[in-house]
>>> print(open('upload_25.json').read())   # JSON, C-alpha atoms
[["chain", "number", "residue", "atom", "x", "y", "z"],
["Q", 969, "MET", "CA", -29.85, 42.09, -0.44],
["Q", 970, "LYS", "CA", -31.77, 39.57, -2.54],
["Q", 971, "ILE", "CA", -31.46, 35.80, -2.24],
["Q", 972, "CYS", "CA", -33.17, 33.54, -4.74],
["Q", 973, "ILE", "CA", -34.04, 29.88, -4.35],
["Q", 974, "HIS", "CA", -33.95, 27.58, -7.36],
["Q", 975, "ILE", "CA", -34.58, 23.90, -6.57],
["Q", 976, "ASN", "CA", -34.83, 22.50, -10.07],
["Q", 977, "GLY", "CA", -37.25, 19.56, -10.04],
["Q", 978, "GLY", "CA", -37.94, 19.89, -6.31],
["Q", 979, "ARG", "CA", -40.06, 21.84, -3.88],
["Q", 980, "PRO", "CA", -38.70, 25.10, -2.44],
["Q", 981, "ASP", "CA", -41.32, 25.39, 0.32],
["Q", 982, "GLY", "CA", -39.07, 24.21, 3.14],
["Q", 983, "TRP", "CA", -36.32, 26.65, 2.19],
["Q", 984, "LEU", "CA", -38.83, 29.49, 1.95],
["Q", 985, "ALA", "CA", -39.90, 28.71, 5.49],
["Q", 986, "ALA", "CA", -36.45, 28.14, 7.04],
["Q", 987, "LEU", "CA", -34.17, 30.65, 5.33],
["Q", 988, "PRO", "CA", -35.75, 34.02, 6.29],
["Q", 989, "GLU", "CA", -35.62, 33.16, 9.99],
["Q", 990, "ALA", "CA", -32.04, 31.94, 9.69],
["Q", 991, "LEU", "CA", -31.04, 35.17, 7.94],
["Q", 992, "ARG", "CA", -32.68, 37.30, 10.64],
["Q", 993, "SER", "CA", -30.84, 35.29, 13.29],
["Q", 994, "ALA", "CA", -27.60, 36.03, 11.44],
["Q", 995, "GLY", "CA", -28.40, 39.76, 11.51],
["Q", 996, "LEU", "CA", -29.24, 40.03, 7.82],
["Q", 997, "ASP", "CA", -32.12, 41.90, 6.23],
["Q", 998, "ALA", "CA", -32.77, 40.16, 2.91],
["Q", 999, "GLU", "CA", -35.49, 39.54, 0.38],
["Q", 1000, "VAL", "CA", -35.95, 35.80, -0.20],
["Q", 1001, "ALA", "CA", -37.84, 34.59, -3.25],
["Q", 1002, "VAL", "CA", -38.18, 31.58, -5.51],
["Q", 1003, "TRP", "CA", -36.57, 32.36, -8.86],
["Q", 1004, "ALA", "CA", -38.80, 32.82, -11.88],
["Q", 1005, "PRO", "CA", -37.69, 33.80, -15.40],
["Q", 1006, "GLY", "CA", -37.43, 37.55, -15.73],
["Q", 1007, "ASP", "CA", -36.75, 38.21, -12.05],
["Q", 1008, "THR", "CA", -34.40, 40.97, -10.99],
["Q", 1009, "GLN", "CA", -30.81, 40.06, -10.26],
["Q", 1010, "ALA", "CA", -30.15, 38.29, -6.97],
["Q", 1011, "ASP", "CA", -27.01, 38.66, -4.86],
["Q", 1012, "TYR", "CA", -26.89, 35.04, -3.73],
["Q", 1013, "ALA", "CA", -28.62, 31.88, -4.89],
["Q", 1014, "ILE", "CA", -29.46, 28.61, -3.18],
["Q", 1015, "SER", "CA", -29.92, 25.83, -5.66],
["Q", 1016, "TRP", "CA", -30.08, 22.19, -6.57],
["Q", 1017, "SER", "CA", -29.38, 21.21, -10.19],
["Q", 1018, "PRO", "CA", -29.75, 24.75, -11.56],
["Q", 1019, "SER", "CA", -31.21, 25.01, -15.05],
["Q", 1020, "PRO", "CA", -29.26, 26.54, -17.97],
["Q", 1021, "ALA", "CA", -31.95, 29.22, -18.16],
["Q", 1022, "PHE", "CA", -31.38, 30.19, -14.55],
["Q", 1023, "MET", "CA", -27.64, 30.25, -15.04],
["Q", 1024, "ALA", "CA", -27.91, 32.37, -18.20],
["Q", 1025, "GLU", "CA", -30.09, 34.92, -16.45],
["Q", 1026, "GLN", "CA", -28.62, 35.04, -12.93],
["Q", 1027, "GLY", "CA", -25.19, 33.43, -12.97],
["Q", 1028, "ALA", "CA", -22.98, 36.34, -13.99],
["Q", 1029, "GLY", "CA", -24.42, 38.69, -11.37],
["Q", 1030, "LEU", "CA", -24.33, 36.36, -8.37],
["Q", 1031, "GLN", "CA", -21.78, 36.82, -5.61],
["Q", 1032, "ALA", "CA", -22.00, 33.12, -4.68],
["Q", 1033, "LEU", "CA", -24.08, 30.03, -5.42],
["Q", 1034, "PHE", "CA", -24.89, 27.70, -2.53],
["Q", 1035, "SER", "CA", -25.52, 24.01, -3.15],
["Q", 1036, "VAL", "CA", -28.24, 22.58, -0.91],
["Q", 1037, "GLY", "CA", -26.41, 19.25, -0.71],
["Q", 1038, "ALA", "CA", -22.92, 18.00, 0.06],
["Q", 1039, "GLY", "CA", -22.27, 17.10, -3.58],
["Q", 1040, "VAL", "CA", -21.82, 19.66, -6.34],
["Q", 1041, "ASP", "CA", -21.67, 17.53, -9.50],
["Q", 1042, "HIS", "CA", -25.24, 18.66, -10.22],
["Q", 1043, "ILE", "CA", -23.92, 22.23, -10.56],
["Q", 1044, "LEU", "CA", -20.49, 21.90, -12.16],
["Q", 1045, "GLY", "CA", -21.80, 20.54, -15.45],
["Q", 1046, "VAL", "CA", -24.48, 23.20, -16.00],
["Q", 1047, "PRO", "CA", -24.00, 25.10, -19.27],
["Q", 1048, "GLY", "CA", -23.22, 28.75, -18.77],
["Q", 1049, "LEU", "CA", -21.77, 28.40, -15.26],
["Q", 1050, "PRO", "CA", -19.45, 31.44, -14.90],
["Q", 1051, "ASP", "CA", -15.83, 30.55, -14.21],
["Q", 1052, "SER", "CA", -15.58, 33.20, -11.53],
["Q", 1053, "LEU", "CA", -18.74, 32.28, -9.60],
["Q", 1054, "PRO", "CA", -17.91, 30.82, -6.17],
["Q", 1055, "ILE", "CA", -19.81, 27.61, -5.46],
["Q", 1056, "ILE", "CA", -20.23, 26.79, -1.78],
["Q", 1057, "ARG", "CA", -21.44, 23.41, -0.54],
["Q", 1058, "VAL", "CA", -23.31, 22.52, 2.60],
["Q", 1059, "GLU", "CA", -20.92, 20.92, 5.10],
["Q", 1060, "ASP", "CA", -22.50, 18.12, 7.12],
["Q", 1061, "ALA", "CA", -25.51, 20.11, 8.40],
["Q", 1062, "GLY", "CA", -26.90, 17.02, 10.08],
["Q", 1063, "MET", "CA", -26.15, 14.65, 7.20],
["Q", 1064, "GLY", "CA", -23.07, 13.06, 8.78],
["Q", 1065, "ALA", "CA", -24.95, 11.37, 11.62],
["Q", 1066, "GLN", "CA", -27.61, 10.10, 9.23],
["Q", 1067, "MET", "CA", -24.98, 8.70, 6.88],
["Q", 1068, "ALA", "CA", -23.12, 7.03, 9.73],
["Q", 1069, "HIS", "CA", -26.34, 5.38, 10.95],
["Q", 1070, "TYR", "CA", -27.22, 4.13, 7.47],
["Q", 1071, "VAL", "CA", -23.77, 2.67, 6.80],
["Q", 1072, "SER", "CA", -23.68, 1.08, 10.25],
["Q", 1073, "TRP", "CA", -27.05, -0.55, 9.57],
["Q", 1074, "ALA", "CA", -25.84, -1.94, 6.24],
["Q", 1075, "ALA", "CA", -22.51, -3.15, 7.66],
["Q", 1076, "LEU", "CA", -24.06, -4.86, 10.69],
["Q", 1077, "ARG", "CA", -26.83, -6.35, 8.56],
["Q", 1078, "HIS", "CA", -24.21, -8.02, 6.40],
["Q", 1079, "LEU", "CA", -21.93, -8.98, 9.29],
["Q", 1080, "TYR", "CA", -24.71, -10.80, 11.15],
["Q", 1081, "GLY", "CA", -26.28, -12.33, 8.06],
["Q", 1082, "PHE", "CA", -29.71, -10.80, 8.63],
["Q", 1083, "ASP", "CA", -30.73, -11.42, 5.01],
["Q", 1084, "ALA", "CA", -30.32, -15.17, 5.51],
["Q", 1085, "LEU", "CA", -32.13, -14.98, 8.84],
["Q", 1086, "GLN", "CA", -35.06, -13.20, 7.22],
["Q", 1087, "ALA", "CA", -35.16, -15.85, 4.51],
["Q", 1088, "ALA", "CA", -35.23, -18.52, 7.22],
["Q", 1089, "GLN", "CA", -38.11, -16.73, 8.92],
["Q", 1090, "ARG", "CA", -40.13, -16.73, 5.72],
["Q", 1091, "GLU", "CA", -39.57, -20.49, 5.54],
["Q", 1092, "ARG", "CA", -40.34, -20.88, 9.27],
["Q", 1093, "ARG", "CA", -36.91, -22.38, 9.92],
["Q", 1094, "TRP", "CA", -35.24, -21.93, 13.33],
["Q", 1095, "THR", "CA", -31.60, -21.75, 12.33],
["Q", 1096, "HIS", "CA", -28.39, -20.58, 13.94],
["Q", 1097, "ARG", "CA", -25.65, -18.87, 11.95],
["Q", 1098, "LEU", "CA", -22.03, -18.35, 12.78],
["Q", 1099, "PHE", "CA", -20.91, -14.79, 12.11],
["Q", 1100, "ALA", "CA", -17.64, -12.92, 12.27],
["Q", 1101, "GLU", "CA", -16.77, -10.51, 15.03],
["Q", 1102, "ALA", "CA", -16.59, -6.89, 13.97],
["Q", 1103, "ASP", "CA", -12.89, -6.58, 14.77],
["Q", 1104, "SER", "CA", -12.11, -9.34, 12.25],
["Q", 1105, "CYS", "CA", -13.90, -7.40, 9.49],
["Q", 1106, "THR", "CA", -11.89, -4.68, 7.74],
["Q", 1107, "VAL", "CA", -13.99, -1.87, 6.32],
["Q", 1108, "GLY", "CA", -12.59, 0.68, 3.91],
["Q", 1109, "VAL", "CA", -14.12, 4.15, 3.62],
["Q", 1110, "LEU", "CA", -13.26, 5.62, 0.23],
["Q", 1111, "GLY", "CA", -13.60, 9.38, 0.68],
["Q", 1112, "MET", "CA", -12.64, 10.94, 4.00],
["Q", 1113, "GLY", "CA", -14.42, 14.26, 3.81],
["Q", 1114, "VAL", "CA", -16.73, 15.58, 6.50],
["Q", 1115, "LEU", "CA", -19.22, 12.74, 5.99],
["Q", 1116, "GLY", "CA", -16.60, 10.04, 5.50],
["Q", 1117, "GLU", "CA", -14.89, 10.97, 8.75],
["Q", 1118, "GLN", "CA", -18.11, 10.51, 10.71],
["Q", 1119, "VAL", "CA", -18.82, 7.19, 9.05],
["Q", 1120, "ALA", "CA", -15.29, 5.94, 9.74],
["Q", 1121, "ALA", "CA", -15.40, 7.05, 13.39],
["Q", 1122, "THR", "CA", -18.78, 5.38, 13.93],
["Q", 1123, "LEU", "CA", -17.67, 2.10, 12.38],
["Q", 1124, "ASP", "CA", -14.53, 2.18, 14.53],
["Q", 1125, "GLY", "CA", -16.73, 2.69, 17.58],
["Q", 1126, "LEU", "CA", -18.69, -0.43, 16.62],
["Q", 1127, "GLY", "CA", -15.49, -2.44, 16.67],
["Q", 1128, "PHE", "CA", -14.74, -2.76, 12.96],
["Q", 1129, "ALA", "CA", -11.17, -2.48, 11.72],
["Q", 1130, "VAL", "CA", -11.41, 0.71, 9.63],
["Q", 1131, "ARG", "CA", -9.28, 2.19, 6.88],
["Q", 1132, "GLY", "CA", -9.93, 5.58, 5.36],
["Q", 1133, "PHE", "CA", -8.72, 6.72, 1.94],
["Q", 1134, "SER", "CA", -8.46, 10.33, 0.82],
["Q", 1135, "ARG", "CA", -7.01, 11.79, -2.34],
["Q", 1136, "SER", "CA", -4.48, 14.00, -0.59],
["Q", 1137, "ALA", "CA", -2.23, 13.44, 2.40],
["Q", 1138, "ARG", "CA", -3.52, 14.91, 5.65],
["Q", 1139, "ASP", "CA", -1.95, 16.31, 8.77],
["Q", 1140, "PRO", "CA", -1.52, 13.33, 11.11],
["Q", 1141, "GLN", "CA", -2.84, 15.49, 13.95],
["Q", 1142, "THR", "CA", -6.26, 15.36, 12.23],
["Q", 1143, "TYR", "CA", -6.33, 11.55, 12.06],
["Q", 1144, "ILE", "CA", -9.23, 9.78, 13.74],
["Q", 1145, "PRO", "CA", -7.85, 7.58, 16.55],
["Q", 1146, "GLY", "CA", -8.23, 3.90, 15.69],
["Q", 1147, "VAL", "CA", -8.68, 4.51, 11.95],
["Q", 1148, "GLN", "CA", -5.88, 3.70, 9.51],
["Q", 1149, "HIS", "CA", -5.48, 6.70, 7.22],
["Q", 1150, "MET", "CA", -4.26, 6.19, 3.66],
["Q", 1151, "ASP", "CA", -4.00, 8.42, 0.59],
["Q", 1152, "ALA", "CA", -2.87, 8.43, -3.02],
["Q", 1153, "SER", "CA", 0.77, 8.08, -1.95],
["Q", 1154, "HIS", "CA", -0.05, 4.63, -0.57],
["Q", 1155, "GLY", "CA", -1.96, 3.65, -3.72],
["Q", 1156, "LEU", "CA", -5.49, 2.37, -4.18],
["Q", 1157, "ASP", "CA", -4.32, -1.24, -4.35],
["Q", 1158, "ALA", "CA", -2.82, -1.07, -0.86],
["Q", 1159, "PHE", "CA", -6.05, 0.42, 0.46],
["Q", 1160, "LEU", "CA", -8.21, -2.29, -1.15],
["Q", 1161, "ASP", "CA", -5.98, -5.22, -0.16],
["Q", 1162, "GLY", "CA", -7.79, -7.45, 2.32],
["Q", 1163, "LEU", "CA", -10.93, -5.31, 2.64],
["Q", 1164, "ASN", "CA", -14.07, -7.19, 3.65],
["Q", 1165, "MET", "CA", -16.34, -4.21, 3.03],
["Q", 1166, "LEU", "CA", -15.98, -1.08, 0.92],
["Q", 1167, "VAL", "CA", -17.99, 2.07, 1.64],
["Q", 1168, "LEU", "CA", -18.10, 4.63, -1.16],
["Q", 1169, "LEU", "CA", -18.21, 8.25, 0.01],
["Q", 1170, "ALA", "CA", -16.04, 9.91, -2.63],
["Q", 1171, "PRO", "CA", -17.30, 12.88, -4.64],
["Q", 1172, "LEU", "CA", -18.11, 12.37, -8.31],
["Q", 1173, "THR", "CA", -15.25, 13.87, -10.32],
["Q", 1174, "ARG", "CA", -13.42, 13.10, -13.56],
["Q", 1175, "GLU", "CA", -11.09, 10.83, -11.57],
["Q", 1176, "THR", "CA", -13.78, 8.93, -9.65],
["Q", 1177, "ARG", "CA", -16.36, 8.41, -12.40],
["Q", 1178, "ASP", "CA", -16.43, 4.68, -13.26],
["Q", 1179, "LEU", "CA", -13.71, 4.07, -10.66],
["Q", 1180, "ILE", "CA", -15.27, 0.89, -9.26],
["Q", 1181, "THR", "CA", -14.78, -1.75, -11.94],
["Q", 1182, "LEU", "CA", -14.71, -5.52, -11.79],
["Q", 1183, "ASP", "CA", -10.92, -5.39, -11.58],
["Q", 1184, "VAL", "CA", -11.08, -3.04, -8.59],
["Q", 1185, "LEU", "CA", -13.64, -5.21, -6.81],
["Q", 1186, "ARG", "CA", -11.47, -8.29, -7.33],
["Q", 1187, "ARG", "CA", -8.63, -6.62, -5.40],
["Q", 1188, "MET", "CA", -10.50, -6.95, -2.10],
["Q", 1189, "ALA", "CA", -10.91, -10.05, 0.03],
["Q", 1190, "ARG", "CA", -13.26, -12.63, -1.49],
["Q", 1191, "PRO", "CA", -16.14, -12.42, -0.98],
["Q", 1192, "SER", "CA", -16.45, -8.80, 0.07],
["Q", 1193, "TYR", "CA", -19.35, -6.38, 0.40],
["Q", 1194, "LEU", "CA", -20.07, -2.98, -1.20],
["Q", 1195, "ILE", "CA", -22.01, -0.05, 0.28],
["Q", 1196, "ASN", "CA", -22.53, 2.95, -2.00],
["Q", 1197, "VAL", "CA", -23.89, 6.15, -0.45],
["Q", 1198, "ALA", "CA", -21.92, 8.57, -2.67],
["Q", 1199, "ARG", "CA", -22.91, 8.72, -6.35],
["Q", 1200, "GLY", "CA", -24.11, 5.96, -8.64],
["Q", 1201, "ALA", "CA", -21.69, 6.90, -11.42],
["Q", 1202, "LEU", "CA", -18.70, 5.88, -9.29],
["Q", 1203, "VAL", "CA", -19.62, 2.27, -10.07],
["Q", 1204, "VAL", "CA", -19.66, 0.50, -13.43],
["Q", 1205, "GLU", "CA", -23.01, -1.23, -13.03],
["Q", 1206, "HIS", "CA", -22.47, -4.23, -15.31],
["Q", 1207, "ASP", "CA", -19.15, -4.89, -13.55],
["Q", 1208, "LEU", "CA", -20.92, -4.79, -10.18],
["Q", 1209, "LEU", "CA", -23.46, -7.34, -11.41],
["Q", 1210, "ALA", "CA", -20.65, -9.54, -12.73],
["Q", 1211, "ALA", "CA", -18.84, -9.36, -9.37],
["Q", 1212, "LEU", "CA", -22.02, -10.43, -7.57],
["Q", 1213, "ASP", "CA", -22.69, -13.30, -9.97],
["Q", 1214, "GLU", "CA", -19.14, -14.67, -9.90],
["Q", 1215, "GLY", "CA", -18.90, -14.51, -6.10],
["Q", 1216, "THR", "CA", -16.35, -11.69, -5.85],
["Q", 1217, "LEU", "CA", -18.98, -9.78, -3.89],
["Q", 1218, "ALA", "CA", -21.25, -11.41, -1.32],
["Q", 1219, "GLY", "CA", -23.69, -8.53, -1.76],
["Q", 1220, "ALA", "CA", -24.22, -4.81, -2.07],
["Q", 1221, "THR", "CA", -26.32, -2.13, -0.43],
["Q", 1222, "LEU", "CA", -26.96, 0.68, -2.89],
["Q", 1223, "ASP", "CA", -28.57, 4.01, -2.05],
["Q", 1224, "VAL", "CA", -27.47, 5.93, -5.16],
["Q", 1225, "PHE", "CA", -27.73, 5.14, -8.86],
["Q", 1226, "ARG", "CA", -26.75, 6.48, -12.27],
["Q", 1227, "THR", "CA", -30.40, 7.09, -13.07],
["Q", 1228, "GLU", "CA", -32.78, 8.14, -10.30],
["Q", 1229, "PRO", "CA", -35.44, 7.04, -9.74],
["Q", 1230, "LEU", "CA", -34.04, 3.61, -10.56],
["Q", 1231, "PRO", "CA", -35.88, 2.32, -13.66],
["Q", 1232, "GLU", "CA", -38.40, -0.45, -12.98],
["Q", 1233, "SER", "CA", -36.60, -2.73, -15.45],
["Q", 1234, "HIS", "CA", -33.20, -2.38, -13.77],
["Q", 1235, "PRO", "CA", -31.71, -5.72, -12.60],
["Q", 1236, "PHE", "CA", -30.73, -4.26, -9.22],
["Q", 1237, "TRP", "CA", -34.39, -4.41, -8.15],
["Q", 1238, "THR", "CA", -34.59, -8.18, -8.35],
["Q", 1239, "HIS", "CA", -31.01, -9.32, -7.80],
["Q", 1240, "PRO", "CA", -30.98, -11.55, -4.68],
["Q", 1241, "LYS", "CA", -27.69, -10.06, -3.43],
["Q", 1242, "VAL", "CA", -28.62, -6.38, -3.81],
["Q", 1243, "THR", "CA", -30.43, -4.14, -1.35],
["Q", 1244, "VAL", "CA", -31.89, -1.03, -2.96],
["Q", 1245, "THR", "CA", -32.88, 2.10, -1.05],
["Q", 1246, "PRO", "CA", -34.16, 5.30, -2.74],
["Q", 1247, "HIS", "CA", -31.36, 7.78, -1.96],
["Q", 1248, "ILE", "CA", -32.32, 8.19, 1.69],
["Q", 1249, "SER", "CA", -29.02, 7.60, 3.49],
["Q", 1250, "ALA", "CA", -28.78, 11.31, 4.37],
["Q", 1251, "LYS", "CA", -31.29, 14.06, 3.83],
["Q", 1252, "THR", "CA", -30.58, 17.77, 4.09],
["Q", 1253, "VAL", "CA", -31.76, 19.09, 7.47],
["Q", 1254, "LEU", "CA", -33.34, 22.36, 6.43],
["Q", 1255, "SER", "CA", -33.06, 24.28, 9.69],
["Q", 1256, "THR", "CA", -29.40, 23.37, 10.18],
["Q", 1257, "SER", "CA", -28.51, 23.95, 6.52],
["Q", 1258, "ALA", "CA", -30.32, 27.29, 6.39],
["Q", 1259, "ALA", "CA", -28.48, 28.46, 9.51],
["Q", 1260, "GLN", "CA", -25.15, 27.40, 8.00],
["Q", 1261, "ILE", "CA", -25.84, 29.19, 4.71],
["Q", 1262, "ALA", "CA", -27.06, 32.33, 6.48],
["Q", 1263, "GLY", "CA", -23.90, 32.37, 8.59],
["Q", 1264, "LYS", "CA", -21.73, 32.11, 5.51],
["Q", 1265, "ILE", "CA", -23.61, 34.88, 3.71],
["Q", 1266, "ALA", "CA", -23.15, 37.09, 6.76],
["Q", 1267, "ALA", "CA", -19.42, 36.32, 6.76],
["Q", 1268, "LEU", "CA", -19.13, 37.06, 3.05],
["Q", 1269, "THR", "CA", -20.84, 40.43, 3.48],
["Q", 1270, "ARG", "CA", -18.20, 41.25, 6.10],
["Q", 1271, "GLY", "CA", -15.47, 40.33, 3.65],
["Q", 1272, "GLU", "CA", -14.50, 37.17, 5.53],
["Q", 1273, "ALA", "CA", -13.47, 33.84, 4.01],
["Q", 1274, "VAL", "CA", -15.82, 30.89, 4.43],
["Q", 1275, "SER", "CA", -15.33, 27.13, 4.33],
["Q", 1276, "GLY", "CA", -16.97, 24.78, 1.85],
["Q", 1277, "VAL", "CA", -15.89, 26.70, -1.28],
["Q", 1278, "VAL", "CA", -15.59, 24.23, -4.15],
["Q", 1279, "ASP", "CA", -12.23, 23.71, -5.85],
["Q", 1280, "ARG", "CA", -13.36, 23.28, -9.44],
["Q", 1281, "GLY", "CA", -10.07, 21.71, -10.42],
["Q", 1282, "ARG", "CA", -10.73, 18.87, -8.01],
["Q", 1283, "GLY", "CA", -14.48, 18.83, -8.52],
["Q", 1284, "TYR", "CA", -15.40, 19.18, -4.84]]
>>> encode(input="upload_25.json", output="structure tokens")
Amino acid sequence: MKICIHINGGRPDGWLAALPEALRSAGLDAEVAVWAPGDTQADYAISWSPSPAFMAEQGAGLQALFSVGAGVDHILGVPGLPDSLPIIRVEDAGMGAQMAHYVSWAALRHLYGFDALQAAQRERRWTHRLFAEADSCTVGVLGMGVLGEQVAATLDGLGFAVRGFSRSARDPQTYIPGVQHMDASHGLDAFLDGLNMLVLLAPLTRETRDLITLDVLRRMARPSYLINVARGALVVEHDLLAALDEGTLAGATLDVFRTEPLPESHPFWTHPKVTVTPHISAKTVLSTSAAQIAGKIAALTRGEAVSGVVDRGRGY
């Protein structure tokens, strides 16, 4: 068995170190190598943003392609991607806890007005601020996948009133206690109504691209707060800036952007109501991810079904 690694624009060193041991632990004897043009056909590939050249050379002969992240938009648009090639995403693999911690930090930072307190410190002013209690602040989590569920549960544990929105209806037995679950049958307007904070955790698909417009932001309580840890293209950037400037939004914490790295000239860098972080809300934990991928390859070789297979019709 041959497994190739193709981290387009990134370093494969960590995967080269972690994957062979994970495969041995899963009982697999496999050759692991970084893909180079002209290589022999691999059975499985582990990739981030695969190049068209890689896809043209390896795609048709692969049994499955594993994404090294939770999102797969970086794969679905690659020219030459075979229709029949299964794409399998990493599920959580340590990212859920990181994401929950990041969103909690951003939500509490806004709730307690830490930005204003830091400004007062710079001016050497001893000032007291009144702040809302968490249970009077309604937070909506748009996207209740594996990561969204952990974020919603953590926010609920902190005392926030939490709503979760997913595209499809779910079995009520899987609901998170304390979290109000909503879906497309309820409508996006009903989900947004009265929200004080909106956390974006939806995948980037045809339906979600440019979903967050000025009109959508105006449907929440005024002023509200936006936290985006999903994909930058969910948000129409000039509409977000307009919402901040007109007072619809009190602020925004943004970890993802349409163009990354964020260009130096971008207005987000200097806007007084925007906090920018460089896509660090959740990083792939190599050891955990490698073990998960190795386990799925072992299952596939036994003819078993695995979870995390992407539904291309839905885009995730």
>>> atom_distance(input="upload_25.json", atom1="atom CA of Q:Arg1174", atom2="atom CA of Q:Ala1273")
27.2 Å
>>> closest_residue(input="upload_25.json", among="Q:Met1165, Q:Ala1021, Q:Leu1185, Q:Ala1032", to="Q:Thr1221", atoms="all atoms listed in the file")
Q:Met1165
>>> residues_around(input="upload_25.json", residues="Q:Ile1180", least_positions_apart="3", cutoff="12 Å", atoms="only C-alpha atoms", output="MDAnalysis selection string")
chainID Q and resid 1110 1156 1160 1166:1168 1170 1172 1175:1177 1183:1188 1194:1196 1199:1209 1211
>>> closest_atom_pairs(input="upload_25.json", of="stretch 1188-1254 of chain Q", to="stretch 1117-1139 of chain Q", cutoff="12 Å", atoms="only C-alpha atoms", output="tab-separated table")
residue	atom	partner	partner_atom	distance
Q:Ile1195	CA	Q:Val1119	CA	11.8
Q:Val1197	CA	Q:Val1119	CA	10.8
Q:Ser1249	CA	Q:Val1119	CA	11.6
Q:Ala1250	CA	Q:Val1119	CA	11.8
>>> closest_residue(input="upload_25.json", among="Q:Val1002, Q:Ala1102, Q:Met1067, Q:Val1040", to="Q:Leu1169", atoms="all atoms listed in the file")
Q:Met1067
>>> closest_residue(input="upload_25.json", among="Q:Gly1045, Q:Gln1086, Q:Pro1229, Q:Gly1037", to="Q:Pro1020", atoms="all atoms listed in the file")
Q:Gly1045
